[in-house]
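Q: Before we start, here is the structure in question, set down as structure tokens.
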Amino acid sequence: MDRFTRIYAILIALIIVAALLFWARSAWQPEVWELDSVLSTDAMLVSYPYRFRVVAFADGVATISTPRSFAVPAYRFLSLIHPNLANKADDDPAMIAAQQELIDHQKHAQGLILSQPNVRAVEWELDTQWLAARGILVGGTQ
């Protein structure tokens with residue numbers, strides 16, 4: 001192997017190693033995993049069709065995924081997990097009960113995380129991947 005090829009191969013190898021180290025450092029989040037295990041082992045949350053997840057933790061603020069926001073009204077999500085609610089009005093008693101169930105589960109998830117050491121606040125992040133996998137594109141026409 002000539003000198004240029006050897007230097008080029010070493011440089012490429014260093015770039016690959018640096019990229020792998022950067023990826024490993026960003027993927028290593030034991031605090032997130034610990035907090036997420038609190039949600040994934042709770043009997044009330046496990047029984048709900050949507051799995052709330054801790055997706056980030058920084059400076060005492062835990063970010064939890066949610067299937068609804070102002071961008072995605074509750075009725076769109078609820079008709080996915082409860083097909084019998086499709087085409088029901090917002091003020092239908094069954095829709096109101098389903099919305100309250102969602103609120104109760106979100107509050108429960110928030111309370112569990114806030115009760116953990118080092119957590120001082122909870123933020124919510126719309127789970128666009130979960131919604132997209134079920135045909136709801138945020139900001140789209142579906």
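In the structure tokens, chains take the letters A, B, ... in the order shown, each chain's residues start at 1, and ligands count up from 1 in the order shown.
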Considering only C-alpha atoms, return as a list of chain:residue names whatever protein or nucleic-acid residues lie within 9 Å of segment 32-38 of chain A, sequence-local ones (same chain, fewer than 4 positions apart) excluded.
A: A:Asp42, A:Phe52, A:Arg53, A:Val54, A:Val55, A:Ala56, A:Phe57, A:Ala62, A:Ile64, A:Ala109, A:Leu112, A:Ile113, A:Gln116
Q: Would you kindly return, as a short mmCIF file (atom, residue, chain, number, x, y, z; two decimals) with N, CA and C atoms, in the first residue's frame, each protein, DNA or RNA residue with an atom no farther than 10 Å from any atom of Ser69 of chain A, considering only C-alpha atoms and excluding same-chain residues fewer than 6 positions away?
A:
```cif
data_model
loop_
_atom_site.label_atom_id
_atom_site.label_comp_id
_atom_site.auth_asym_id
_atom_site.auth_seq_id
_atom_site.Cartn_x
_atom_site.Cartn_y
_atom_site.Cartn_z
N PHE A 77 -56.93 10.86 17.50
CA PHE A 77 -56.21 9.80 18.19
C PHE A 77 -57.17 8.77 18.77
N TRP A 124 -44.31 17.77 27.36
CA TRP A 124 -44.93 16.79 26.47
C TRP A 124 -44.45 17.01 25.06
N GLU A 125 -44.22 15.92 24.34
CA GLU A 125 -43.79 16.00 22.94
C GLU A 125 -44.70 15.11 22.10
N LEU A 126 -45.25 15.68 21.05
CA LEU A 126 -46.14 14.93 20.18
C LEU A 126 -45.39 13.76 19.54
N ASP A 127 -45.97 12.59 19.61
CA ASP A 127 -45.37 11.37 19.06
C ASP A 127 -45.73 11.26 17.58
N VAL A 138 -48.83 14.84 10.82
CA VAL A 138 -48.95 16.13 11.49
C VAL A 138 -48.67 17.23 10.50
#
```
Q: Apply DSSP to the structure's backbone, then extract all residues of segment 47-117 of chain A labelled alpha helix (DSSP H) and return them as an NGL selection string.
A: :A and (74-81 or 93-114)
Q: Show me, as JSON, numbers by chain, the residues that have an atom within 10 Å of His108 of chain A when counting only C-alpha atoms, minus same-chain residues fewer than 4 positions from it.
A: {"A": [39, 42, 44, 45, 102, 103, 104, 112, 113, 114]}
Q: Write the residues of the preceding selection, restricted to N, CA and C atoms, as a PDB file, in the first residue's frame.
A:
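part.pdb, written as the output of this step:
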```pdb
ATOM      1  N   LEU A  39     -42.628   4.163  33.672  1.00  0.00           N
ATOM      2  CA  LEU A  39     -43.888   4.180  32.914  1.00  0.00           C
ATOM      3  C   LEU A  39     -44.231   2.797  32.364  1.00  0.00           C
ATOM      4  N   ASP A  42     -45.830   0.373  35.007  1.00  0.00           N
ATOM      5  CA  ASP A  42     -47.018   0.776  35.748  1.00  0.00           C
ATOM      6  C   ASP A  42     -48.248   0.066  35.172  1.00  0.00           C
ATOM      7  N   MET A  44     -51.490   0.601  35.371  1.00  0.00           N
ATOM      8  CA  MET A  44     -52.517   1.448  34.739  1.00  0.00           C
ATOM      9  C   MET A  44     -52.098   1.860  33.327  1.00  0.00           C
ATOM     10  N   LEU A  45     -50.833   2.246  33.172  1.00  0.00           N
ATOM     11  CA  LEU A  45     -50.360   2.706  31.862  1.00  0.00           C
ATOM     12  C   LEU A  45     -50.168   1.563  30.877  1.00  0.00           C
ATOM     13  N   LEU A 102     -58.037   9.458  28.543  1.00  0.00           N
ATOM     14  CA  LEU A 102     -56.730   9.907  28.061  1.00  0.00           C
ATOM     15  C   LEU A 102     -56.114  10.902  29.045  1.00  0.00           C
ATOM     16  N   ILE A 103     -56.900  11.868  29.484  1.00  0.00           N
ATOM     17  CA  ILE A 103     -56.414  12.869  30.447  1.00  0.00           C
ATOM     18  C   ILE A 103     -55.938  12.187  31.721  1.00  0.00           C
ATOM     19  N   ASP A 104     -56.722  11.232  32.213  1.00  0.00           N
ATOM     20  CA  ASP A 104     -56.358  10.523  33.442  1.00  0.00           C
ATOM     21  C   ASP A 104     -55.025   9.790  33.284  1.00  0.00           C
ATOM     22  N   LEU A 112     -46.215  10.103  38.002  1.00  0.00           N
ATOM     23  CA  LEU A 112     -45.178   9.097  38.248  1.00  0.00           C
ATOM     24  C   LEU A 112     -43.786   9.667  37.996  1.00  0.00           C
ATOM     25  N   ILE A 113     -43.635  10.396  36.907  1.00  0.00           N
ATOM     26  CA  ILE A 113     -42.323  10.937  36.556  1.00  0.00           C
ATOM     27  C   ILE A 113     -41.935  12.061  37.516  1.00  0.00           C
ATOM     28  N   LEU A 114     -42.889  12.916  37.862  1.00  0.00           N
ATOM     29  CA  LEU A 114     -42.570  14.012  38.786  1.00  0.00           C
ATOM     30  C   LEU A 114     -42.187  13.497  40.173  1.00  0.00           C
TER      31      LEU A 114
END
```
Q: Within 10 Å of Asn87 of chain A, counting only C-alpha atoms, which residues qualify if same-chain residues fewer than 6 places away don't, as a PyMOL selection string?
A: chain A and resi 75-76+79
Q: Pull C-alpha atoms from the residues just selected and write them as an mmCIF file, in the first residue's frame.
A:
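Saved file out15.cif follows:
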```
data_model
loop_
_atom_site.group_PDB
_atom_site.id
_atom_site.type_symbol
_atom_site.label_atom_id
_atom_site.label_comp_id
_atom_site.auth_asym_id
_atom_site.auth_seq_id
_atom_site.Cartn_x
_atom_site.Cartn_y
_atom_site.Cartn_z
ATOM 1 C CA TYR A 75 -60.800 12.768 18.560
ATOM 2 C CA ARG A 76 -58.335 11.785 15.777
ATOM 3 C CA SER A 79 -60.827 7.050 16.960
#
```
Q: Mind the document's chain letters and residue numbers, and return as a ChimeraX atom specification the residues of segment 3-101 of chain A that DSSP labels strand (DSSP E or B).
A: /A:54-58,61-66
Q: Save out the residues we just selected, N, CA and C atoms, as an mmCIF file, in the first residue's frame.
A:
```cif
data_model
loop_
_atom_site.group_PDB
_atom_site.id
_atom_site.type_symbol
_atom_site.label_atom_id
_atom_site.label_comp_id
_atom_site.auth_asym_id
_atom_site.auth_seq_id
_atom_site.Cartn_x
_atom_site.Cartn_y
_atom_site.Cartn_z
ATOM 1 N N VAL A 54 -40.780 8.117 28.048
ATOM 2 C CA VAL A 54 -39.874 9.225 28.325
ATOM 3 C C VAL A 54 -38.881 9.244 27.170
ATOM 4 N N VAL A 55 -38.825 10.369 26.459
ATOM 5 C CA VAL A 55 -37.971 10.448 25.274
ATOM 6 C C VAL A 55 -36.725 11.294 25.503
ATOM 7 N N ALA A 56 -36.716 12.088 26.578
ATOM 8 C CA ALA A 56 -35.546 12.908 26.873
ATOM 9 C C ALA A 56 -35.570 13.314 28.344
ATOM 10 N N PHE A 57 -34.377 13.607 28.854
ATOM 11 C CA PHE A 57 -34.251 14.119 30.214
ATOM 12 C C PHE A 57 -33.020 15.004 30.260
ATOM 13 N N ALA A 58 -33.229 16.268 30.614
ATOM 14 C CA ALA A 58 -32.116 17.215 30.703
ATOM 15 C C ALA A 58 -32.460 18.303 31.706
ATOM 16 N N VAL A 61 -35.718 18.221 33.597
ATOM 17 C CA VAL A 61 -36.964 18.237 32.820
ATOM 18 C C VAL A 61 -37.060 16.947 32.001
ATOM 19 N N ALA A 62 -38.108 16.180 32.273
ATOM 20 C CA ALA A 62 -38.364 14.944 31.539
ATOM 21 C C ALA A 62 -39.373 15.246 30.428
ATOM 22 N N THR A 63 -39.108 14.745 29.246
ATOM 23 C CA THR A 63 -40.022 14.905 28.119
ATOM 24 C C THR A 63 -40.696 13.565 27.863
ATOM 25 N N ILE A 64 -42.038 13.601 27.872
ATOM 26 C CA ILE A 64 -42.833 12.388 27.680
ATOM 27 C C ILE A 64 -43.586 12.497 26.356
ATOM 28 N N SER A 65 -43.643 11.397 25.636
ATOM 29 C CA SER A 65 -44.387 11.381 24.372
ATOM 30 C C SER A 65 -45.887 11.394 24.653
ATOM 31 N N THR A 66 -46.616 12.004 23.737
ATOM 32 C CA THR A 66 -48.072 12.046 23.827
ATOM 33 C C THR A 66 -48.660 11.909 22.424
#
```
Q: What's the separation between atom CA of Leu80 of chain A and atom CA of Thr128 of chain A, in Å to one decimal place?
A: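 Going from atom CA of Leu80 of chain A over to atom CA of Thr128 of chain A, I get 14.1 Å.
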Q: Just to confirm, what's the straight-line distance from atom CA of Ala19 of chain A to atom CA of Gly60 of chain A in Å (one decimal)?
A: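 Here the two named atoms are 28.0 Å from each other.
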Q: Name all residues at most 9 Å from Ala98 of chain A (count only C-alpha atoms; drop same-chain ones fewer than 6 positions away) and give them as an MDAnalysis selection string.
A: chainID A and resid 75 78 82 85
Q: Residues of the last selection are to be written out with C-alpha atoms, as a CSV table (one decimal), in the first residue's frame.
A:
```csv
chain,number,residue,atom,x,y,z
A,75,TYR,CA,-60.8,12.8,18.6
A,78,LEU,CA,-59.2,8.4,20.1
A,82,HIS,CA,-61.3,3.1,19.9
A,85,LEU,CA,-65.7,6.3,18.3
```
